[in-house]
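Remarks on the structure that follows.
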Amino acid sequence: MKSVCFIFNKPPYGQESGKELLDICLMCSAFEMPITVIFQGDGVLQLIENQQPDILNIKNYSKTFKALKLYGVETVLIDAAGLEKHQLVTENILNIGEIANSKIIQNVIQNTDFSIML
Amino acid sequence: MKSVCFIFNKPPYGQESGKELLDICLMCSAFEMPITVIFQGDGVLQLIENQQPDILNIKNYSKTFKALKLYGVETVLIDAAGLEKHQLVTENILNIGEIANSKIIQNVIQNTDFSIML
Amino acid sequence: MKTLFILNNPSKLTTCLEAMAKDDGLLLIEDAVILTRKNIERKEISLQALNEDVTARGVNHTDPSWQLINYAKFVELTLTFDKSVTWL
Amino acid sequence: MKTLFILNNPSKLTTCLEAMAKDDGLLLIEDAVILTRKNIERKEISLQALNEDVTARGVNHTDPSWQLINYAKFVELTLTFDKSVTWL
Amino acid sequence: MATFSLLITANPYSNQGQYSALKFTKAVLEAGHIIKRIFFYADGVLVANRLNCPPADELNLTKSWAKLAIEKDIELTVCVTAALKRGIVNQAEAERNALTSESIDPAFELSGLGQLTEAMLASDRLVTFG
Amino acid sequence: MATFSLLITANPYSNQGQYSALKFTKAVLEAGHIIKRIFFYADGVLVANRLNCPPADELNLTKSWAKLAIEKDIELTVCVTAALKRGIVNQAEAERNALTSESIDPAFELSGLGQLTEAMLASDRLVTFG
């Protein structure tokens with residue numbers, strides 16, 4: 001089966017692309033493709049714990065990230081440089097993956113059959 | 001009469017916003033509002049002489065900039081830092097305005113009743 | 001005339017600051033609230049961020065040294081300044 | 001597997017380069033053709049730009065040291081590399 | 001008491017700008033100020049499409065603007081050139097362009113870009129949401 | 001000979017991506033390769049609106065895709081969830097959502113996101129235009 005990685009690199013809510021990319025990811029999981037999810041750069045902000053977009057009348061889809069394991073997503077990588085840039089520590093974000101440096105992220109992108117970002 | 005300045009800060013053709021901003025500018029000139037046009041940062045690329053967007057099947061609206069004087073636009077400012085960033089000299093761009101530094105540009109923005117960018 | 005610059009895209013910060021004069025103000029809204037004070041070198045500029053956008057994203061942890069305001073204050077600000085420009 | 005990174009937005013260059021490994025290639029299209037070689041520090045990366053986008057914008061004056069290619073070559077490149085990712 | 005006009009260019013499907021503009025408009029009215037006109041331009045006009053069907057758990061921006069306009073008697077003006085390009089047409093434009101049907105929500109009105117300039121001249125402030 | 005699929009998310013009114021994707025598709029076919037499917041998602045679906053009326057001196061992207069699809073027998077698949085939100089509906093969806101009319105150009109077909117995954121699995125390359 002071909003593998004695919006999804007790269008989240010934008011902060012949530014200003015643009016819809018995070019939710020749209022997540023929907024593709026869930027669909028690929030339904031087809032049982034091996035999936036890696038990467039949160040790179042500003043994308044790490046997708047994982048902040050106490051988001052409350054309901055006050056903007058926008059739906060909170062960040063909860064779905066917690067369910068990625070249930071959907072069969074085995075590897076979730078969180079960019080160390082992105083966390084540092086935004087002064088985030090592991091306590092501030094959803095505990096759903098491993099912190100990774102850019103070499104590891106590069107390696108994962110190189111070793112999947114498809115890479116998608118939106 | 002209230003005055004207005006238009007700030008072009010994006011390169012042409014990747015996005016439609018340059019053309020859309022130009023259309024507002026022409027409409028304000030029809031109402032005889034005093035107008036200043038500023039090309040800032042990447043916006044200076046709107047003024048490159050030999051554009052050929054027709055090969056992309058996109059319309060070349062840069063010719064309309066040459067007609068700004070005819071539309072009664074008195075002041076056109078071109079950001080010196082933007083030119084330098086893109087290695088442009090006056091020979092590369094439409095001869096429709098004065099080269100200005102950021103202090104002059106700041107001053108114009110501060111002294112118009114409305115400022116619009118898209 | 002003093003201008004209120006409204007910024008919603010963090011990647012436009014640099015060119016926005018270049019266009020701002022001494023007495024101008026900067027209001028961060030939408031995705032621009034992810035910026036932190038250290039991104040903004042010009043200390044003389046008055047800085048505000050829209051509280052709802054900060055709370056929605058949960059980015060309060062960075063303890064921004066700018067003032068958080070609500071929409072009522074946003075409206076007031078557009079009148080306190082002589083005009084606004086949304087820096088897109 | 002070598003990846004072809006396709007970049008259309010010049011403001012995303014930095015994060016794109018961070019994601020690129022040694023044997024990867026970078027193809028500049030649309031607004032990204034306004035970038036110049038000096039913007040790209042990593043000299044080991046193979047660099048191309050889409051000729052039509054360069055000509056449309058008239059930015060040939062900067063004499064980019066990367067190779068200009070047409071759409072036929074663009075299609076070929078996506079096959080020379082093992083896959084492509086459009087860096088948005 | 002001041003008079004405001006808004007210029008909205010934000011894409012309603014992909015950006016937050018229309019959400020922000022709605023909240024700003026309500027805050028202007030709550031503070032006792034006047035809204036002269038809300039002008040939709042560029043991708044902002046897409047919100048006037050009455051065929052828009054967002055999922056049930058998302059805000060329907062088209063209906064939100066329409067409700068506000070009716071309750072508070074606000075002019076929602078849509079640039080006709082930007083709209084035509086994007087498939088937002090009223091009955092007259094549909095007939096003129098040989099289209100099968102109109103598509104604009106009745107709370108919005110198609111008009112020319114001159115309505116934006118006219119609003120600027122009649123307002124103390126113009127605030128853009130893009 | 002290789003098999004390509006395209007994922008198009010570019011806004012047809014505001015970005016160049018759909019122009020680039022058209023040229024890329026033609027180049028793929030000219031080189032003798034196969035297009036398995038072109039999948040429109042996010043703002044990319046807006047190109048399927050048959051009410052789109054660009055000015056006479058601008059390229060009509062909707063008709064350009066339709067022409068290519070008919071001449072070369074290419075599948076143009078539009079994500080139904082993204083489309084419904086954006087007012088792009090076929091007869092069945094219009095009835096289901098109590099809308100007055102359909103709005104999709106007949107060269108495009110509404111379907112689920114699964115069609116994208118299926119296309120990936122059946123293609124050598126997926127190229128995105130955003």
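Residue numbers start at 1 in each chain; chains themselves are named A, B, ... in the order of the structure tokens; ligands are numbered from 1 in the order shown.
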List every residue of chain B that has an atom at most 12 Å from any atom of chain F, and for each one report the closest atom pair and its distance in Å to one decimal, counting only C-alpha atoms, with rows sorted by chain and then by increasing residue number, as a Markdown table.
```
| residue | atom | partner | partner_atom | distance |
| --- | --- | --- | --- | --- |
| B:Pro11 | CA | F:Asn15 | CA | 11.9 |
| B:Pro12 | CA | F:Gln16 | CA | 10.1 |
| B:Tyr13 | CA | F:Gln16 | CA | 6.6 |
| B:Gly14 | CA | F:Gln16 | CA | 5.0 |
| B:Gln15 | CA | F:Asn15 | CA | 4.6 |
| B:Glu16 | CA | F:Ser14 | CA | 4.8 |
| B:Ser17 | CA | F:Ser14 | CA | 7.3 |
| B:Gly18 | CA | F:Ser14 | CA | 10.3 |
| B:Lys19 | CA | F:Ser14 | CA | 10.2 |
| B:Glu20 | CA | F:Ser14 | CA | 9.7 |
| B:Pro53 | CA | F:Gln16 | CA | 11.0 |
| B:Asp54 | CA | F:Glu58 | CA | 10.0 |
| B:Ile55 | CA | F:Tyr19 | CA | 10.7 |
| B:Leu56 | CA | F:Tyr19 | CA | 7.1 |
| B:Asn57 | CA | F:Leu59 | CA | 6.3 |
| B:Ile58 | CA | F:Glu58 | CA | 6.6 |
| B:Lys59 | CA | F:Glu58 | CA | 6.5 |
| B:Asn60 | CA | F:Glu58 | CA | 10.2 |
| B:Tyr61 | CA | F:Asp57 | CA | 11.3 |
| B:Leu118 | CA | F:Ser14 | CA | 11.4 |
```
Would you save the residues of that selection, restricted to N, CA and C atoms, as a compact mmCIF listing (two decimals), in the first residue's frame?
```
# COMPACT_ATOMS: atom_id res chain seq x y z
N PRO B 11 3.20 41.37 -5.91
CA PRO B 11 3.61 41.22 -7.32
C PRO B 11 2.39 40.91 -8.18
N PRO B 12 2.46 41.14 -9.48
CA PRO B 12 1.28 40.91 -10.32
C PRO B 12 1.09 39.44 -10.68
N TYR B 13 -0.15 39.10 -11.03
CA TYR B 13 -0.57 37.86 -11.71
C TYR B 13 -0.73 36.63 -10.81
N GLY B 14 0.09 36.45 -9.79
CA GLY B 14 -0.15 35.33 -8.88
C GLY B 14 -1.47 35.52 -8.16
N GLN B 15 -1.79 36.77 -7.86
CA GLN B 15 -3.07 37.12 -7.25
C GLN B 15 -3.73 38.21 -8.09
N GLU B 16 -5.03 38.34 -7.95
CA GLU B 16 -5.78 39.33 -8.72
C GLU B 16 -5.80 40.70 -8.05
N SER B 17 -5.24 40.82 -6.85
CA SER B 17 -5.51 42.01 -6.05
C SER B 17 -5.00 43.30 -6.68
N GLY B 18 -3.93 43.24 -7.48
CA GLY B 18 -3.41 44.44 -8.12
C GLY B 18 -4.45 45.06 -9.05
N LYS B 19 -5.04 44.23 -9.88
CA LYS B 19 -6.06 44.70 -10.81
C LYS B 19 -7.28 45.23 -10.07
N GLU B 20 -7.67 44.52 -9.02
CA GLU B 20 -8.85 44.92 -8.26
C GLU B 20 -8.64 46.26 -7.56
N PRO B 53 1.96 38.89 -19.66
CA PRO B 53 1.06 37.90 -19.05
C PRO B 53 0.14 37.22 -20.05
N ASP B 54 0.03 37.76 -21.26
CA ASP B 54 -0.79 37.11 -22.29
C ASP B 54 -0.32 35.67 -22.54
N ILE B 55 0.95 35.37 -22.33
CA ILE B 55 1.38 33.97 -22.52
C ILE B 55 0.79 33.06 -21.44
N LEU B 56 0.29 33.65 -20.35
CA LEU B 56 -0.42 32.86 -19.34
C LEU B 56 -1.93 32.92 -19.56
N ASN B 57 -2.36 33.57 -20.63
CA ASN B 57 -3.79 33.84 -20.88
C ASN B 57 -4.38 34.78 -19.84
N ILE B 58 -3.51 35.65 -19.28
CA ILE B 58 -3.96 36.64 -18.31
C ILE B 58 -3.79 38.02 -18.92
N LYS B 59 -4.73 38.90 -18.64
CA LYS B 59 -4.72 40.23 -19.24
C LYS B 59 -3.62 41.12 -18.63
N ASN B 60 -2.98 41.89 -19.48
CA ASN B 60 -1.93 42.81 -19.01
C ASN B 60 -2.54 44.15 -18.63
N TYR B 61 -2.71 44.36 -17.32
CA TYR B 61 -3.31 45.63 -16.88
C TYR B 61 -2.25 46.67 -16.54
N LEU B 118 -5.25 45.96 -1.09
CA LEU B 118 -6.01 44.72 -1.22
C LEU B 118 -5.03 43.55 -1.28
```
> Would you list which chain D residues are within 12 Å of chain A using only C-alpha atoms, as a list in words?
Replying inline: Met1, Lys2, Thr3, Leu4, Phe5, Ile6, Leu7, Lys12, Thr14, Thr15, Cys16, Leu17, Glu18, Ala19, Met20, Ala21, Lys22, Asp23, Asp24, Gly25, Phe81, Asp82, Lys83, Ser84, Val85, Thr86, Trp87 and Leu88 of chain D
>> DSSP on the backbone, strand (DSSP E or B) only: what residues of segment 2-86 of chain C does that give? Format it as a list in words.
In response: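 Listing strand (DSSP E or B) positions across segment 2-86 of chain C yields Thr3, Leu4, Phe5, Ile6, Leu7, Gly25, Leu26, Leu27, Leu28, Ser46, Leu47, Gln48, Ala49, Leu50, Gln67, Leu68, Ile69, Lys83, Ser84, Val85 and Thr86 of chain C.
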>> List as a list of chain:residue names the protein and nucleic acid residues near Ile88 of chain E, meaning an atom at most 6 Å away when only C-alpha atoms are counted, but skip any in the same chain fewer than 4 places from it.
In response: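 Answer for this query is E:Asn49, E:Ala83, E:Leu84, E:Ser103, E:Ile104.
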Keeping only all heavy atoms, write those residues as an mmCIF file, in the first residue's frame.
```cif
data_model
loop_
_atom_site.group_PDB
_atom_site.id
_atom_site.type_symbol
_atom_site.label_atom_id
_atom_site.label_comp_id
_atom_site.auth_asym_id
_atom_site.auth_seq_id
_atom_site.Cartn_x
_atom_site.Cartn_y
_atom_site.Cartn_z
ATOM 1 N N ASN E 49 -23.968 34.544 -2.330
ATOM 2 C CA ASN E 49 -24.539 33.431 -3.093
ATOM 3 C C ASN E 49 -25.602 32.719 -2.246
ATOM 4 O O ASN E 49 -25.289 32.135 -1.213
ATOM 5 C CB ASN E 49 -23.433 32.448 -3.495
ATOM 6 C CG ASN E 49 -23.919 31.399 -4.485
ATOM 7 O OD1 ASN E 49 -25.116 31.180 -4.648
ATOM 8 N ND2 ASN E 49 -22.982 30.767 -5.166
ATOM 9 N N ALA E 83 -18.993 40.193 -8.906
ATOM 10 C CA ALA E 83 -20.015 39.181 -8.682
ATOM 11 C C ALA E 83 -20.289 38.350 -9.941
ATOM 12 O O ALA E 83 -20.377 37.125 -9.884
ATOM 13 C CB ALA E 83 -21.299 39.840 -8.188
ATOM 14 N N LEU E 84 -20.390 39.026 -11.061
ATOM 15 C CA LEU E 84 -20.711 38.363 -12.332
ATOM 16 C C LEU E 84 -19.670 37.293 -12.665
ATOM 17 O O LEU E 84 -19.989 36.165 -13.041
ATOM 18 C CB LEU E 84 -20.745 39.440 -13.419
ATOM 19 C CG LEU E 84 -21.473 39.132 -14.714
ATOM 20 C CD1 LEU E 84 -22.886 38.666 -14.445
ATOM 21 C CD2 LEU E 84 -21.497 40.378 -15.603
ATOM 22 N N SER E 103 -28.829 33.940 -8.628
ATOM 23 C CA SER E 103 -28.178 33.235 -7.525
ATOM 24 C C SER E 103 -27.902 34.134 -6.331
ATOM 25 O O SER E 103 -27.339 33.687 -5.342
ATOM 26 C CB SER E 103 -26.856 32.618 -8.008
ATOM 27 O OG SER E 103 -26.011 33.621 -8.510
ATOM 28 N N ILE E 104 -28.290 35.397 -6.404
ATOM 29 C CA ILE E 104 -27.968 36.305 -5.303
ATOM 30 C C ILE E 104 -29.027 36.220 -4.208
ATOM 31 O O ILE E 104 -30.222 36.081 -4.487
ATOM 32 C CB ILE E 104 -27.808 37.762 -5.814
ATOM 33 C CG1 ILE E 104 -27.159 38.646 -4.743
ATOM 34 C CG2 ILE E 104 -29.141 38.343 -6.292
ATOM 35 C CD1 ILE E 104 -26.690 40.000 -5.252
#
```
>> Using DSSP secondary structure from the backbone, list all alpha helix (DSSP H) positions within chain D, as a ChimeraX atom specification.
In response: /D:13-19,51-57,71-80
> Excluding same-chain residues fewer than 5 positions from segment 48-51 of chain B, what lies within 12 Å of it counting only C-alpha atoms, as a PyMOL selection string?
Replying inline: (chain B and resi 11-13+39+42-43+56+58-63+65-66+78+83+86-96) or (chain D and resi 34+52-62)
> Could you work out how far atom CA of Cys28 of chain A lies from atom CA of Thr117 of chain F, giving the answer in Å with one decimal?
Replying inline: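 Atom-to-atom, atom CA of Thr117 of chain F to atom CA of Cys28 of chain A, that is 5.9 Å.
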> So how many Å separate atom CA of Ala49 of chain C and atom CA of Thr80 of chain C, to one decimal?
Replying inline: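 Here the two named atoms are 15.8 Å from each other.
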Please provide as a PDB file with all heavy atoms, in the first residue's frame all residues within 9 Å of Leu26 of chain B, with the sequence filter that same-chain residues fewer than 6 positions apart are discarded (counting only C-alpha atoms).
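Saved to around-v9.pdb:
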```pdb
ATOM      1  N   LEU B  68      -2.344  56.680 -15.444  1.00  0.00           N
ATOM      2  CA  LEU B  68      -2.784  57.264 -14.168  1.00  0.00           C
ATOM      3  C   LEU B  68      -2.813  58.795 -14.201  1.00  0.00           C
ATOM      4  O   LEU B  68      -3.728  59.418 -13.668  1.00  0.00           O
ATOM      5  CB  LEU B  68      -1.903  56.769 -13.016  1.00  0.00           C
ATOM      6  CG  LEU B  68      -2.146  55.329 -12.544  1.00  0.00           C
ATOM      7  CD1 LEU B  68      -1.137  54.917 -11.475  1.00  0.00           C
ATOM      8  CD2 LEU B  68      -3.571  55.154 -12.013  1.00  0.00           C
ATOM      9  N   TYR B  71      -5.832  60.072 -15.684  1.00  0.00           N
ATOM     10  CA  TYR B  71      -6.974  59.934 -14.784  1.00  0.00           C
ATOM     11  C   TYR B  71      -6.897  60.936 -13.624  1.00  0.00           C
ATOM     12  O   TYR B  71      -7.690  60.870 -12.698  1.00  0.00           O
ATOM     13  CB  TYR B  71      -7.037  58.506 -14.222  1.00  0.00           C
ATOM     14  CG  TYR B  71      -7.604  57.491 -15.191  1.00  0.00           C
ATOM     15  CD1 TYR B  71      -6.774  56.669 -15.940  1.00  0.00           C
ATOM     16  CD2 TYR B  71      -8.984  57.358 -15.352  1.00  0.00           C
ATOM     17  CE1 TYR B  71      -7.295  55.722 -16.824  1.00  0.00           C
ATOM     18  CE2 TYR B  71      -9.513  56.427 -16.224  1.00  0.00           C
ATOM     19  CZ  TYR B  71      -8.668  55.610 -16.958  1.00  0.00           C
ATOM     20  OH  TYR B  71      -9.190  54.690 -17.821  1.00  0.00           O
ATOM     21  N   VAL B  73      -4.406  61.313 -11.426  1.00  0.00           N
ATOM     22  CA  VAL B  73      -3.598  60.926 -10.266  1.00  0.00           C
ATOM     23  C   VAL B  73      -2.309  61.732 -10.297  1.00  0.00           C
ATOM     24  O   VAL B  73      -1.515  61.611 -11.231  1.00  0.00           O
ATOM     25  CB  VAL B  73      -3.274  59.415 -10.293  1.00  0.00           C
ATOM     26  CG1 VAL B  73      -2.331  59.049  -9.157  1.00  0.00           C
ATOM     27  CG2 VAL B  73      -4.555  58.602 -10.231  1.00  0.00           C
TER      28      VAL B  73
END
```
> If we count only C-alpha atoms, which residues of chain E reach to within 9 Å of chain F? Please list them as number ranges by chain.
Replying inline: E: 13-14, 42-43, 46-47, 49-55, 81-89, 94, 97, 99-103
>> Within 9 Å of chain C, which residues belong to chain E? Use only C-alpha atoms and report them as a ChimeraX atom specification.
In response: /E:2,16-17,20,23-28,30-31,124-130
Write a file of the selected residues as a compact mmCIF listing (two decimals), in the first residue's frame, keeping C-alpha atoms.
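again.txt, written as the output of this step:
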```
# COMPACT_ATOMS: atom_id res chain seq x y z
CA ALA E 2 -19.79 58.53 13.71
CA GLN E 16 -11.83 34.59 8.94
CA GLY E 17 -12.39 38.13 7.63
CA SER E 20 -14.52 39.53 12.02
CA LYS E 23 -18.60 41.18 14.86
CA PHE E 24 -17.19 44.61 14.05
CA THR E 25 -20.47 45.71 12.46
CA LYS E 26 -22.45 44.62 15.51
CA ALA E 27 -20.02 46.48 17.81
CA VAL E 28 -20.38 49.65 15.69
CA GLU E 30 -24.04 48.69 19.76
CA ALA E 31 -21.89 51.76 20.32
CA ASP E 124 -16.13 59.25 8.73
CA ARG E 125 -14.35 55.92 8.56
CA LEU E 126 -13.81 53.12 6.06
CA VAL E 127 -12.65 49.83 7.60
CA THR E 128 -11.46 47.00 5.36
CA PHE E 129 -11.73 43.29 6.15
CA GLY E 130 -9.68 41.14 3.79
```
> Taking into account only C-alpha atoms, which residue in the set C:Ile45, C:Leu13, C:Leu35, C:Leu50 is nearest to Ile69 of chain C?
Replying inline: C:Leu50
> So how many Å separate atom CA of Ile35 of chain F and atom CA of Leu6 of chain F, to one decimal?
Replying inline: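 Taking atom CA of Ile35 of chain F as the start and atom CA of Leu6 of chain F as the end point, the length is 8.1 Å.
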>> I need the residue nearest Ile99 of chain B from this list: B:Lys85, B:Glu32, B:Val4, B:Ile38. Use only C-alpha atoms for the distance.
In response: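 When distances to Ile99 of chain B are compared using only C-alpha atoms, the smallest one comes from B:Ile38.
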